[in-house]
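Heads up, entry03.tsv below (TSV, C-alpha atoms):
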```
chain	number	residue	atom	x	y	z
A	1	MET	CA	-20.98	12.45	6.83
A	2	THR	CA	-19.37	12.14	10.25
A	3	PRO	CA	-21.54	10.38	12.84
A	4	ASP	CA	-22.01	13.61	14.76
A	5	ALA	CA	-22.95	15.73	11.74
A	6	GLY	CA	-25.12	12.87	10.53
A	7	ARG	CA	-27.01	12.84	13.79
A	8	VAL	CA	-27.46	16.61	13.75
A	9	PHE	CA	-28.68	16.43	10.17
A	10	ARG	CA	-31.22	13.74	11.04
A	11	GLU	CA	-32.43	15.78	13.99
A	12	LEU	CA	-32.43	19.25	12.50
A	13	GLY	CA	-32.09	18.91	8.74
A	14	ASP	CA	-35.82	18.96	8.00
A	15	THR	CA	-36.51	21.80	10.40
A	16	LEU	CA	-33.71	23.89	9.01
A	17	PHE	CA	-34.65	23.23	5.42
A	18	ARG	CA	-38.30	24.09	6.07
A	19	TYR	CA	-37.25	27.30	7.79
A	20	LEU	CA	-34.98	28.21	4.90
A	21	VAL	CA	-37.60	27.55	2.24
A	22	ARG	CA	-40.09	29.69	4.12
A	23	MET	CA	-37.48	32.36	4.61
A	24	CYS	CA	-36.46	32.67	1.00
A	25	GLY	CA	-39.15	30.95	-1.06
A	26	SER	CA	-36.62	29.01	-3.11
A	27	PRO	CA	-36.07	25.30	-2.40
A	28	ASP	CA	-32.93	25.39	-4.55
A	29	LEU	CA	-31.37	28.21	-2.62
A	30	ALA	CA	-32.50	26.65	0.65
A	31	GLY	CA	-30.82	23.39	-0.37
A	32	ASP	CA	-27.56	25.20	-1.09
A	33	VAL	CA	-27.66	26.98	2.23
A	34	LEU	CA	-28.48	23.74	4.04
A	35	GLN	CA	-25.47	22.12	2.42
A	36	ASP	CA	-23.14	25.00	3.25
A	37	THR	CA	-24.35	25.08	6.82
A	38	PHE	CA	-23.56	21.44	7.44
A	39	VAL	CA	-20.19	21.78	5.74
A	40	ARG	CA	-19.50	24.61	8.14
A	41	LEU	CA	-20.63	22.44	11.05
A	42	VAL	CA	-18.05	19.82	10.11
A	43	GLU	CA	-15.22	22.11	9.13
A	44	ARG	CA	-15.60	24.84	11.74
A	45	PRO	CA	-17.94	23.61	14.45
A	46	PRO	CA	-19.01	25.86	17.33
A	47	SER	CA	-16.76	25.81	20.35
A	48	ARG	CA	-19.83	25.28	22.56
A	49	ARG	CA	-22.51	22.74	21.78
A	50	ASP	CA	-25.10	23.80	24.34
A	51	ASN	CA	-27.09	25.84	21.83
A	52	LEU	CA	-26.37	24.01	18.63
A	53	ARG	CA	-29.76	24.72	17.07
A	54	GLY	CA	-29.36	28.45	17.61
A	55	TRP	CA	-25.86	28.33	16.16
A	56	LEU	CA	-26.96	26.30	13.17
A	57	PHE	CA	-29.84	28.64	12.35
A	58	ARG	CA	-27.66	31.68	12.76
A	59	VAL	CA	-25.08	30.28	10.36
A	60	ALA	CA	-27.82	29.31	7.92
A	61	THR	CA	-29.56	32.69	8.15
A	62	ASN	CA	-26.32	34.56	7.56
A	63	ARG	CA	-25.42	32.30	4.66
A	64	LEU	CA	-28.85	32.75	3.17
A	65	ARG	CA	-28.48	36.51	3.41
A	66	ASP	CA	-25.09	36.35	1.68
A	67	LEU	CA	-26.33	34.16	-1.14
A	68	GLU	CA	-29.47	36.20	-1.63
A	69	ARG	CA	-27.40	39.31	-1.93
A	70	LYS	CA	-25.17	37.66	-4.47
A	71	ARG	CA	-27.89	36.11	-6.56
A	72	GLY	CA	-30.43	38.89	-6.42
A	73	ARG	CA	-33.46	37.76	-4.54
A	74	ARG	CA	-36.10	39.40	-6.63
A	75	ALA	CA	-34.74	38.03	-9.87
A	76	ARG	CA	-34.67	34.55	-8.40
A	77	LEU	CA	-38.19	34.72	-7.07
A	78	ALA	CA	-39.49	35.99	-10.39
A	79	GLN	CA	-37.76	33.14	-12.14
A	80	GLU	CA	-39.17	30.52	-9.85
A	81	ALA	CA	-42.69	31.92	-9.57
A	82	GLY	CA	-45.36	29.42	-10.42
A	83	GLY	CA	-42.73	26.78	-10.60
A	84	ARG	CA	-42.56	23.57	-8.78
A	85	ARG	CA	-45.05	21.22	-7.29
A	86	THR	CA	-44.25	19.69	-3.96
A	87	MET	CA	-44.77	16.25	-2.54
A	88	SER	CA	-47.72	17.55	-0.56
A	89	ASP	CA	-49.48	19.22	-3.45
A	90	PRO	CA	-52.95	17.81	-3.86
A	91	PRO	CA	-53.81	16.12	-7.13
A	92	ALA	CA	-55.14	18.43	-9.74
A	93	SER	CA	-58.52	20.00	-9.73
A	94	PRO	CA	-58.49	23.38	-11.40
A	95	GLY	CA	-60.27	25.09	-8.50
A	96	ARG	CA	-58.00	23.62	-5.86
A	97	ILE	CA	-54.89	24.36	-7.86
A	98	ALA	CA	-55.93	27.97	-8.20
A	99	ALA	CA	-56.76	28.24	-4.49
A	100	ALA	CA	-53.47	26.64	-3.45
A	101	ARG	CA	-51.53	28.91	-5.75
A	102	GLU	CA	-53.30	31.94	-4.41
A	103	ALA	CA	-52.57	30.91	-0.82
A	104	ARG	CA	-48.91	30.34	-1.67
A	105	GLU	CA	-48.58	33.66	-3.38
A	106	ARG	CA	-50.25	35.46	-0.54
A	107	ALA	CA	-48.01	33.78	2.01
A	108	ARG	CA	-44.95	34.62	-0.03
A	109	ARG	CA	-45.97	38.22	-0.47
A	110	VAL	CA	-46.57	38.74	3.22
A	111	LEU	CA	-43.39	36.99	4.25
A	112	ASP	CA	-41.37	38.96	1.74
A	113	ARG	CA	-42.70	42.22	3.09
A	114	LEU	CA	-41.43	41.47	6.57
A	115	PRO	CA	-37.95	42.57	7.53
A	116	ASP	CA	-35.47	39.65	7.52
A	117	ARG	CA	-35.14	39.56	11.27
A	118	ASP	CA	-38.89	39.57	11.87
A	119	ARG	CA	-39.38	36.80	9.36
A	120	ALA	CA	-36.55	34.75	10.87
A	121	LEU	CA	-37.87	35.14	14.40
A	122	LEU	CA	-41.46	34.26	13.52
A	123	LEU	CA	-40.37	31.24	11.50
A	124	MET	CA	-38.09	29.99	14.24
A	125	ARG	CA	-40.92	30.46	16.68
A	126	GLU	CA	-43.01	28.31	14.39
A	127	GLU	CA	-40.39	25.62	14.75
A	128	GLY	CA	-40.67	25.73	18.52
A	129	PHE	CA	-37.42	27.52	19.29
A	130	THR	CA	-36.77	28.74	22.80
A	131	HIS	CA	-36.06	32.43	23.24
A	132	ARG	CA	-32.46	31.57	24.02
A	133	GLU	CA	-32.07	29.76	20.73
A	134	MET	CA	-33.68	32.62	18.84
A	135	ALA	CA	-31.42	35.10	20.61
A	136	GLU	CA	-28.37	33.13	19.49
A	137	ALA	CA	-29.69	32.82	15.98
A	138	VAL	CA	-30.43	36.50	15.40
A	139	GLY	CA	-27.67	37.85	17.61
A	140	THR	CA	-29.52	39.49	20.46
A	141	THR	CA	-30.20	38.96	24.16
A	142	THR	CA	-32.77	36.52	25.43
A	143	GLY	CA	-34.60	39.34	27.18
A	144	SER	CA	-35.09	41.23	23.91
A	145	VAL	CA	-36.55	38.35	21.99
A	146	GLY	CA	-40.08	38.70	23.40
A	147	THR	CA	-40.29	42.36	22.45
A	148	MET	CA	-38.93	41.66	19.00
A	149	ILE	CA	-41.43	38.89	18.41
A	150	ALA	CA	-44.32	41.07	19.54
A	151	ARG	CA	-43.23	43.78	17.10
A	152	ALA	CA	-42.79	41.25	14.35
A	153	LEU	CA	-46.31	39.94	14.96
A	154	ASP	CA	-47.70	43.47	14.84
A	155	ARG	CA	-45.96	44.14	11.54
A	156	PHE	CA	-47.17	40.87	10.17
A	157	ALA	CA	-50.77	41.65	11.16
A	158	GLN	CA	-50.50	45.05	9.50
A	159	GLU	CA	-49.08	43.62	6.28
A	160	LEU	CA	-51.79	40.99	6.18
A	161	GLU	CA	-54.51	43.57	6.70
A	162	LEU	CA	-53.03	45.73	3.97
A	163	LEU	CA	-52.91	42.84	1.56
A	164	GLU	CA	-56.40	41.66	2.37
A	165	GLY	CA	-57.70	45.22	2.09
A	166	ARG	CA	-56.17	45.52	-1.37
A	167	GLN	CA	-57.56	42.19	-2.49
A	168	GLY	CA	-60.97	42.80	-0.94
B	1	MET	CA	-53.66	46.93	17.66
B	2	THR	CA	-54.90	47.43	21.21
B	3	ASP	CA	-54.15	50.53	23.25
B	4	ARG	CA	-51.54	49.15	25.60
B	5	ASP	CA	-51.48	52.13	27.96
B	6	HIS	CA	-54.13	50.41	29.99
B	7	THR	CA	-52.00	47.44	31.05
B	8	ASP	CA	-48.84	47.18	33.08
B	9	TRP	CA	-47.72	44.04	31.34
B	10	ASP	CA	-45.11	44.48	28.64
B	11	ASP	CA	-45.12	42.64	25.32
B	12	ALA	CA	-41.94	40.73	26.13
B	13	THR	CA	-43.60	39.15	29.15
B	14	LEU	CA	-46.74	38.34	27.21
B	15	ILE	CA	-44.79	36.65	24.44
B	16	ARG	CA	-42.84	34.71	27.05
B	17	LEU	CA	-46.17	33.62	28.51
B	18	LEU	CA	-47.46	32.49	25.11
B	19	ASP	CA	-44.19	30.68	24.39
B	20	GLY	CA	-44.10	28.89	27.74
B	21	GLU	CA	-40.98	30.72	28.82
B	22	LEU	CA	-42.38	32.08	32.08
B	23	SER	CA	-42.23	30.31	35.41
B	24	ASP	CA	-45.51	28.77	36.61
B	25	GLU	CA	-45.80	31.48	39.22
B	26	ALA	CA	-45.41	34.36	36.80
B	27	ALA	CA	-47.77	32.75	34.32
B	28	ALA	CA	-50.41	32.33	37.03
B	29	ARG	CA	-50.10	35.99	37.97
B	30	ILE	CA	-50.82	37.12	34.40
B	31	ARG	CA	-53.78	34.78	34.08
B	32	GLU	CA	-55.23	36.21	37.25
B	33	ALA	CA	-54.57	39.75	36.07
B	34	GLN	CA	-56.53	39.16	32.85
B	35	GLU	CA	-59.77	39.01	34.79
B	36	ALA	CA	-59.44	42.57	35.95
B	37	ASP	CA	-57.51	43.97	32.96
B	38	PRO	CA	-59.41	43.98	29.64
B	39	ALA	CA	-56.50	45.68	27.87
B	40	LEU	CA	-54.19	42.86	28.89
B	41	ARG	CA	-56.73	40.32	27.74
B	42	ALA	CA	-57.15	42.05	24.41
B	43	ARG	CA	-53.44	42.36	23.85
B	44	LEU	CA	-52.88	38.72	24.64
B	45	ASN	CA	-55.63	37.75	22.21
B	46	GLU	CA	-54.15	40.01	19.58
B	47	LEU	CA	-50.71	38.46	19.85
B	48	ARG	CA	-52.14	34.96	19.98
B	49	SER	CA	-54.30	35.61	16.93
B	50	ALA	CA	-51.42	37.09	14.93
B	51	GLY	CA	-49.35	34.06	15.82
B	52	ARG	CA	-52.06	31.68	14.63
B	53	ARG	CA	-52.49	33.57	11.39
B	54	PHE	CA	-48.78	33.48	10.84
B	55	SER	CA	-48.75	29.71	11.42
B	56	ALA	CA	-51.58	29.26	8.92
B	57	LEU	CA	-49.76	31.38	6.38
B	58	ALA	CA	-46.40	29.67	6.89
B	59	ILE	CA	-48.03	26.33	6.17
B	60	ASP	CA	-49.07	27.66	2.78
B	61	VAL	CA	-45.43	27.91	1.76
B	62	PRO	CA	-44.75	24.64	-0.02
B	63	VAL	CA	-41.73	22.77	1.26
B	64	PRO	CA	-40.33	19.93	-0.80
B	65	GLU	CA	-38.53	16.96	0.68
B	66	THR	CA	-35.30	17.89	2.39
B	67	PRO	CA	-32.41	17.28	0.01
B	68	LYS	CA	-29.64	15.06	1.24
B	69	PRO	CA	-26.28	16.77	1.22
B	70	ARG	CA	-24.78	16.27	-2.22
B	71	LEU	CA	-21.37	15.64	-0.78
B	72	ALA	CA	-21.73	15.09	2.92
B	73	PRO	CA	-19.28	17.26	4.81
B	74	GLY	CA	-17.78	14.31	6.64
B	75	ASP	CA	-17.37	12.51	3.36
B	76	ARG	CA	-15.46	15.42	2.01
B	77	ALA	CA	-13.08	15.30	4.94
B	78	ALA	CA	-13.00	11.52	4.83
B	79	SER	CA	-12.30	11.46	1.12
B	80	GLY	CA	-9.46	13.89	1.72
B	81	ARG	CA	-8.06	11.66	4.40
B	82	ALA	CA	-8.49	8.59	2.19
B	83	TRP	CA	-6.68	10.33	-0.63
B	84	ILE	CA	-3.76	11.19	1.64
B	85	LEU	CA	-3.67	7.63	2.96
B	86	ARG	CA	-3.72	6.24	-0.57
B	87	LEU	CA	-0.91	8.57	-1.57
B	88	ALA	CA	1.13	7.64	1.50
B	89	ALA	CA	0.55	3.93	0.85
B	90	GLY	CA	1.61	4.40	-2.76
B	91	MET	CA	4.77	6.20	-1.72
B	92	VAL	CA	5.62	3.49	0.79
B	93	LEU	CA	5.08	0.85	-1.88
B	94	LEU	CA	7.21	2.72	-4.39
B	95	ALA	CA	9.91	3.26	-1.80
B	96	ALA	CA	9.83	-0.41	-0.87
B	97	LEU	CA	10.03	-1.50	-4.50
B	98	GLY	CA	12.70	1.05	-5.23
B	99	LEU	CA	14.83	0.11	-2.27
B	100	ALA	CA	14.65	-3.50	-3.37
B	101	SER	CA	16.69	-2.44	-6.37
B	102	PRO	CA	20.42	-2.10	-5.60
B	103	GLN	CA	20.69	0.81	-8.00
B	104	VAL	CA	17.94	2.81	-6.30
B	105	ARG	CA	19.24	1.86	-2.86
B	106	ALA	CA	22.70	3.06	-3.79
B	107	TRP	CA	21.27	6.19	-5.31
B	108	VAL	CA	19.38	6.97	-2.12
B	109	VAL	CA	22.41	6.31	0.03
B	110	GLN	CA	24.65	8.36	-2.19
B	111	GLY	CA	22.13	11.15	-2.37
B	112	ALA	CA	22.07	11.32	1.38
B	113	GLU	CA	25.83	11.27	1.41
B	114	ARG	CA	25.94	14.13	-1.04
B	115	VAL	CA	23.53	16.19	0.98
B	116	ALA	CA	25.58	15.54	4.07
B	117	ALA	CA	28.71	16.57	2.21
B	118	LEU	CA	27.09	19.74	0.94
B	119	LEU	CA	25.93	20.58	4.42
B	120	GLY	CA	29.48	20.25	5.63
B	121	ALA	CA	28.76	17.23	7.76
B	122	ALA	CA	31.51	14.91	8.87
B	123	GLY	CA	31.52	13.47	5.37
B	124	PRO	CA	29.84	10.74	3.54
B	125	PRO	CA	30.29	8.10	4.82
B	126	ALA	CA	32.71	7.87	7.74
B	127	PRO	CA	36.18	7.41	6.39
B	128	GLU	CA	38.11	4.31	7.23
B	129	ALA	CA	41.80	3.68	7.19
B	130	GLY	CA	42.79	2.91	3.62
B	131	PRO	CA	46.01	1.98	1.88
B	132	GLU	CA	49.05	3.71	3.32
B	133	GLY	CA	46.97	5.16	6.11
B	134	ARG	CA	44.82	7.23	3.78
B	135	SER	CA	41.10	7.74	4.46
B	136	THR	CA	38.65	5.66	2.46
B	137	ILE	CA	35.07	6.42	1.53
B	138	ILE	CA	32.73	3.47	1.27
B	139	LEU	CA	29.73	3.56	-1.06
B	140	SER	CA	27.03	1.08	-1.94
B	141	PRO	CA	27.54	-0.49	-5.34
B	142	THR	CA	25.45	0.30	-8.40
B	143	PRO	CA	25.55	-1.69	-11.64
B	144	ARG	CA	26.86	1.33	-13.43
B	145	PHE	CA	29.18	3.77	-11.67
B	146	LEU	CA	30.15	7.12	-13.05
B	147	VAL	CA	33.33	9.02	-12.24
B	148	GLU	CA	33.55	12.60	-13.46
B	149	VAL	CA	37.01	14.09	-13.41
B	150	ALA	CA	37.08	17.84	-13.76
B	151	SER	CA	39.55	19.67	-15.92
B	152	GLY	CA	42.73	20.54	-14.12
B	153	VAL	CA	42.89	17.42	-11.96
B	154	GLY	CA	46.27	15.78	-12.28
B	155	GLY	CA	47.79	12.54	-11.00
B	156	ALA	CA	46.21	9.18	-11.65
B	157	LEU	CA	43.05	7.26	-11.11
B	158	VAL	CA	43.54	3.60	-10.28
B	159	ILE	CA	40.51	1.36	-10.74
B	160	ARG	CA	40.77	-2.00	-9.06
B	161	ALA	CA	38.36	-4.93	-9.21
B	162	VAL	CA	37.89	-6.38	-5.75
B	163	GLU	CA	35.84	-8.97	-3.90
B	164	GLY	CA	33.15	-7.90	-1.51
B	165	ASP	CA	30.04	-5.81	-1.97
B	166	GLU	CA	31.09	-2.23	-1.51
B	167	ILE	CA	32.75	0.51	-3.49
B	168	ARG	CA	35.76	2.01	-1.79
B	169	VAL	CA	37.23	5.35	-2.80
B	170	THR	CA	40.62	6.35	-1.45
B	171	PRO	CA	41.69	9.86	-2.41
B	172	PRO	CA	45.19	11.17	-2.09
B	173	PRO	CA	45.98	12.63	1.33
B	174	GLY	CA	44.47	16.06	1.80
B	175	SER	CA	42.22	15.84	-1.23
B	176	ARG	CA	39.06	14.76	0.51
B	177	PRO	CA	37.20	18.00	-0.20
B	178	ALA	CA	37.80	17.35	-3.90
B	179	LEU	CA	35.40	14.44	-3.84
B	180	THR	CA	31.71	14.85	-4.22
B	181	VAL	CA	29.42	11.87	-4.13
B	182	VAL	CA	26.69	12.24	-6.75
B	183	PRO	CA	23.79	9.91	-7.52
B	184	GLY	CA	25.32	6.82	-9.07
B	185	GLY	CA	28.84	8.10	-8.98
B	186	LEU	CA	31.57	10.40	-7.88
B	187	ARG	CA	32.98	13.72	-8.96
B	188	ILE	CA	36.61	14.71	-8.58
B	189	ALA	CA	36.97	18.44	-8.79
B	190	ASP	CA	40.07	19.75	-7.10
B	191	PRO	CA	42.35	21.47	-9.54
B	192	GLY	CA	45.04	21.57	-6.87
B	193	ILE	CA	45.73	17.85	-7.25
B	194	ARG	CA	48.64	17.25	-9.61
B	195	GLU	CA	50.61	14.16	-8.76
B	196	SER	CA	48.58	12.10	-6.35
B	197	GLU	CA	46.67	8.95	-6.99
B	198	PHE	CA	42.98	8.19	-6.48
B	199	LEU	CA	42.19	4.56	-5.78
B	200	LEU	CA	38.74	3.30	-6.74
B	201	GLU	CA	37.96	-0.27	-5.67
B	202	LEU	CA	34.91	-1.80	-7.28
B	203	PRO	CA	33.23	-5.13	-6.51
B	204	GLY	CA	32.00	-7.51	-9.20
B	205	SER	CA	28.43	-6.26	-8.78
B	206	VAL	CA	29.47	-3.08	-10.56
B	207	GLU	CA	29.09	-4.07	-14.17
B	208	ALA	CA	30.64	-0.95	-15.61
B	209	VAL	CA	32.44	2.13	-14.45
B	210	GLU	CA	32.45	5.09	-16.76
B	211	VAL	CA	35.12	7.72	-16.35
B	212	ARG	CA	34.42	11.07	-17.96
B	213	ARG	CA	37.20	13.54	-18.13
B	214	GLY	CA	36.98	17.27	-18.47
B	215	SER	CA	38.20	16.96	-22.04
B	216	GLY	CA	35.10	15.00	-22.87
B	217	GLU	CA	36.96	11.72	-23.13
B	218	VAL	CA	35.06	8.74	-21.77
B	219	ALA	CA	36.61	5.46	-20.62
B	220	ILE	CA	34.52	2.47	-19.61
B	221	TYR	CA	35.79	-0.44	-17.49
B	222	HIS	CA	34.01	-3.64	-16.46
B	223	PRO	CA	35.02	-4.77	-12.98
B	224	GLY	CA	32.33	-7.46	-13.04
B	225	SER	CA	33.99	-9.16	-16.01
B	226	VAL	CA	37.51	-9.48	-14.65
B	227	GLU	CA	39.26	-11.30	-11.85
B	228	PRO	CA	39.43	-9.57	-8.49
B	229	GLY	CA	42.70	-7.72	-8.19
B	230	THR	CA	42.66	-6.54	-11.80
B	231	GLU	CA	43.67	-2.89	-12.02
B	232	TRP	CA	43.44	-0.14	-14.59
B	233	ARG	CA	45.50	2.96	-14.24
B	234	LEU	CA	44.29	6.14	-15.85
B	235	GLU	CA	46.77	8.98	-15.98
B	236	LEU	CA	45.19	12.37	-15.51
B	237	ASP	CA	46.76	15.31	-17.24
B	238	PRO	CA	45.89	18.55	-15.46
B	239	GLY	CA	46.17	20.42	-18.74
B	240	GLU	CA	43.60	18.22	-20.44
B	241	GLY	CA	40.36	19.82	-21.26
B	242	ALA	CA	41.39	23.01	-19.53
B	243	PRO	CA	39.53	25.96	-20.90
```
Represent the structure of the file as structure tokens.
Amino acid sequence: MTPDAGRVFRELGDTLFRYLVRMCGSPDLAGDVLQDTFVRLVERPPSRRDNLRGWLFRVATNRLRDLERKRGRRARLAQEAGGRRTMSDPPASPGRIAAAREARERARRVLDRLPDRDRALLLMREEGFTHREMAEAVGTTTGSVGTMIARALDRFAQELELLEGRQG
Amino acid sequence: MTDRDHTDWDDATLIRLLDGELSDEAAARIREAQEADPALRARLNELRSAGRRFSALAIDVPVPETPKPRLAPGDRAASGRAWILRLAAGMVLLAALGLASPQVRAWVVQGAERVAALLGAAGPPAPEAGPEGRSTIILSPTPRFLVEVASGVGGALVIRAVEGDEIRVTPPPGSRPALTVVPGGLRIADPGIRESEFLLELPGSVEAVEVRRGSGEVAIYHPGSVEPGTEWRLELDPGEGAP
């Protein structure tokens, strides 16, 4: 990797990968998108570097959308459901495993019910993005980001209530 | 969701407050306004609470260790560059080795001469004054030299062993366009030549000269095996090998 791309990867690789996994629910797909995004950074870097994080997340989000369309998101999620354990998974106790799985499934269900842009904005906000970076990433103006986040939070709250109401 | 008709503060501003995007002054104004505006307070709490719940939920999505790029982008570019450099180095080495061989060197020189001739350049290489004031073409020697004489060419071809380290070709006056330098040899192809004489002077480094005539007849001479000054005269019959 070039020194510059290497530095960017060290600084933003984890953040971007975490965002992508939460966006799509598939570590494999997220890994592919991460790879493609950094290839793009090397081969066709942005002309301006003052909002590199926004640019990187926009490229990654668009690439993720493309790949999801090609691969069929639902089919992929169904295939991977109940799949892998992560490094942070606690050691087995049947009760804890069941609780963790339930929490994961609930999180996935709610995230999947959000429109792509809402999900992207809320996840980027989780990563501490500025409104300018989010605007670059989702292709809008900085002034609109606040309104969009507020709407996304409202939708999220509604989806969560719906889900909890169904389960309760 | 709270009824927001009761507050003058828009959601965008409230989110900017929660995200630390407002100036200190603007943030202070909203904090003050909360005291007298329950709707504002409720809305802020609502947005804050939804944000916290989202954070808690996002953490429930398991994230494995970040994979390292399988082929780092820079490596891809670097490997491409390295491949090109290796190829270039290989070509330079081959060229150097090849040019060390007199045969290859002569072939390269003659190839260039041929290209120049085909392009109508001044002619390969610059003619010098030859016997009886005729122009002479000088070529680099090769161990084996081929002369192809097309059907219809008349006159004679004189092959002379000489000292030195160059091949000299002296065509009859006015026949220069009949000569074409080819890799490792020479082609004579002007059917208009009937009586004139081509002179081919070959140094001892040319082990053999092979003359192929349009009729298919082949004659081989060995300038490297004879004394300098030795000559062979080959009469060319323009009717030979004619279709």
Determine, using only C-alpha atoms, which residues of chain B have any atom at most 7 Å from an atom of chain A, and tabulate each with its shortest atom pair and distance in Å to one decimal place, rows ordered by chain and then rising number, as JSON lines.
```
{"residue": "B:Asp11", "atom": "CA", "partner": "A:Thr147", "partner_atom": "CA", "distance": 5.6}
{"residue": "B:Ala12", "atom": "CA", "partner": "A:Gly146", "partner_atom": "CA", "distance": 3.9}
{"residue": "B:Thr13", "atom": "CA", "partner": "A:Gly146", "partner_atom": "CA", "distance": 6.8}
{"residue": "B:Ile15", "atom": "CA", "partner": "A:Gly146", "partner_atom": "CA", "distance": 5.2}
{"residue": "B:Arg16", "atom": "CA", "partner": "A:Gly146", "partner_atom": "CA", "distance": 6.1}
{"residue": "B:Leu47", "atom": "CA", "partner": "A:Leu153", "partner_atom": "CA", "distance": 6.7}
{"residue": "B:Ala50", "atom": "CA", "partner": "A:Leu153", "partner_atom": "CA", "distance": 5.9}
{"residue": "B:Gly51", "atom": "CA", "partner": "A:Leu153", "partner_atom": "CA", "distance": 6.7}
{"residue": "B:Ser55", "atom": "CA", "partner": "A:Glu126", "partner_atom": "CA", "distance": 6.6}
{"residue": "B:Leu57", "atom": "CA", "partner": "A:Ala107", "partner_atom": "CA", "distance": 5.3}
{"residue": "B:Ala58", "atom": "CA", "partner": "A:Ala107", "partner_atom": "CA", "distance": 6.6}
{"residue": "B:Asp60", "atom": "CA", "partner": "A:Arg104", "partner_atom": "CA", "distance": 5.2}
{"residue": "B:Val61", "atom": "CA", "partner": "A:Arg104", "partner_atom": "CA", "distance": 5.5}
{"residue": "B:Pro62", "atom": "CA", "partner": "A:Thr86", "partner_atom": "CA", "distance": 6.3}
{"residue": "B:Val63", "atom": "CA", "partner": "A:Arg18", "partner_atom": "CA", "distance": 6.1}
{"residue": "B:Pro64", "atom": "CA", "partner": "A:Thr86", "partner_atom": "CA", "distance": 5.0}
{"residue": "B:Thr66", "atom": "CA", "partner": "A:Asp14", "partner_atom": "CA", "distance": 5.7}
{"residue": "B:Pro67", "atom": "CA", "partner": "A:Gly31", "partner_atom": "CA", "distance": 6.3}
{"residue": "B:Pro69", "atom": "CA", "partner": "A:Gln35", "partner_atom": "CA", "distance": 5.5}
{"residue": "B:Ala72", "atom": "CA", "partner": "A:Met1", "partner_atom": "CA", "distance": 4.8}
{"residue": "B:Pro73", "atom": "CA", "partner": "A:Val39", "partner_atom": "CA", "distance": 4.7}
{"residue": "B:Gly74", "atom": "CA", "partner": "A:Met1", "partner_atom": "CA", "distance": 3.7}
{"residue": "B:Asp75", "atom": "CA", "partner": "A:Met1", "partner_atom": "CA", "distance": 5.0}
```
Saved selection, atoms kept: C-alpha atoms, as a PDB file, in the coordinates of the input:
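Output file selection-v2.pdb is given in full below:
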```
ATOM      1  CA  ASP B  11     -45.120  42.640  25.320  1.00  0.00           C
ATOM      2  CA  ALA B  12     -41.940  40.730  26.130  1.00  0.00           C
ATOM      3  CA  THR B  13     -43.600  39.150  29.150  1.00  0.00           C
ATOM      4  CA  ILE B  15     -44.790  36.650  24.440  1.00  0.00           C
ATOM      5  CA  ARG B  16     -42.840  34.710  27.050  1.00  0.00           C
ATOM      6  CA  LEU B  47     -50.710  38.460  19.850  1.00  0.00           C
ATOM      7  CA  ALA B  50     -51.420  37.090  14.930  1.00  0.00           C
ATOM      8  CA  GLY B  51     -49.350  34.060  15.820  1.00  0.00           C
ATOM      9  CA  SER B  55     -48.750  29.710  11.420  1.00  0.00           C
ATOM     10  CA  LEU B  57     -49.760  31.380   6.380  1.00  0.00           C
ATOM     11  CA  ALA B  58     -46.400  29.670   6.890  1.00  0.00           C
ATOM     12  CA  ASP B  60     -49.070  27.660   2.780  1.00  0.00           C
ATOM     13  CA  VAL B  61     -45.430  27.910   1.760  1.00  0.00           C
ATOM     14  CA  PRO B  62     -44.750  24.640  -0.020  1.00  0.00           C
ATOM     15  CA  VAL B  63     -41.730  22.770   1.260  1.00  0.00           C
ATOM     16  CA  PRO B  64     -40.330  19.930  -0.800  1.00  0.00           C
ATOM     17  CA  THR B  66     -35.300  17.890   2.390  1.00  0.00           C
ATOM     18  CA  PRO B  67     -32.410  17.280   0.010  1.00  0.00           C
ATOM     19  CA  PRO B  69     -26.280  16.770   1.220  1.00  0.00           C
ATOM     20  CA  ALA B  72     -21.730  15.090   2.920  1.00  0.00           C
ATOM     21  CA  PRO B  73     -19.280  17.260   4.810  1.00  0.00           C
ATOM     22  CA  GLY B  74     -17.780  14.310   6.640  1.00  0.00           C
ATOM     23  CA  ASP B  75     -17.370  12.510   3.360  1.00  0.00           C
TER      24      ASP B  75
END
```
Could you work out how far atom CA of Cys24 of chain A lies from atom CA of Glu21 of chain B, giving the answer in Å with one decimal?
28.3 Å
Using only C-alpha atoms, which residue out of A:Lys70, A:Met124, A:Arg65, A:Arg113 lies closest to Arg53 of chain A?
A:Met124
Grab the atom CA of Arg48 of chain B to atom CA of Leu121 of chain A distance for me, in Å with one decimal place.
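Between atom CA of Arg48 of chain B and atom CA of Leu121 of chain A the gap is 15.3 Å.
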Select, from B:Leu22, B:Val162, B:Ala156, B:Leu179, the residue with the minimum atom-to-atom distance to Leu236 of chain B, counting only C-alpha atoms.
B:Ala156
Select all residues near (40.0, 7.8, 0.3) (cut-off 6 Å, inclusive, file coordinates), counting all atoms listed in the file, and output them as a compact mmCIF listing (two decimals) with C-alpha atoms, in the coordinates of the input.
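Contents of result.txt, as written:
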```txt
# COMPACT_ATOMS: atom_id res chain seq x y z
CA ARG B 134 44.82 7.23 3.78
CA SER B 135 41.10 7.74 4.46
CA THR B 136 38.65 5.66 2.46
CA ILE B 137 35.07 6.42 1.53
CA VAL B 169 37.23 5.35 -2.80
CA THR B 170 40.62 6.35 -1.45
CA PRO B 171 41.69 9.86 -2.41
```
Quick one: what's the axis-aligned box for segment 122-140 of chain A, all listed atoms, 8 Å on every side, centre and edges in Å to one decimal, as lines of an AutoDock Vina configuration file?
```
center_x = -35.3
center_y = 32.6
center_z = 17.8
size_x = 31.3
size_y = 29.9
size_z = 28.5
```
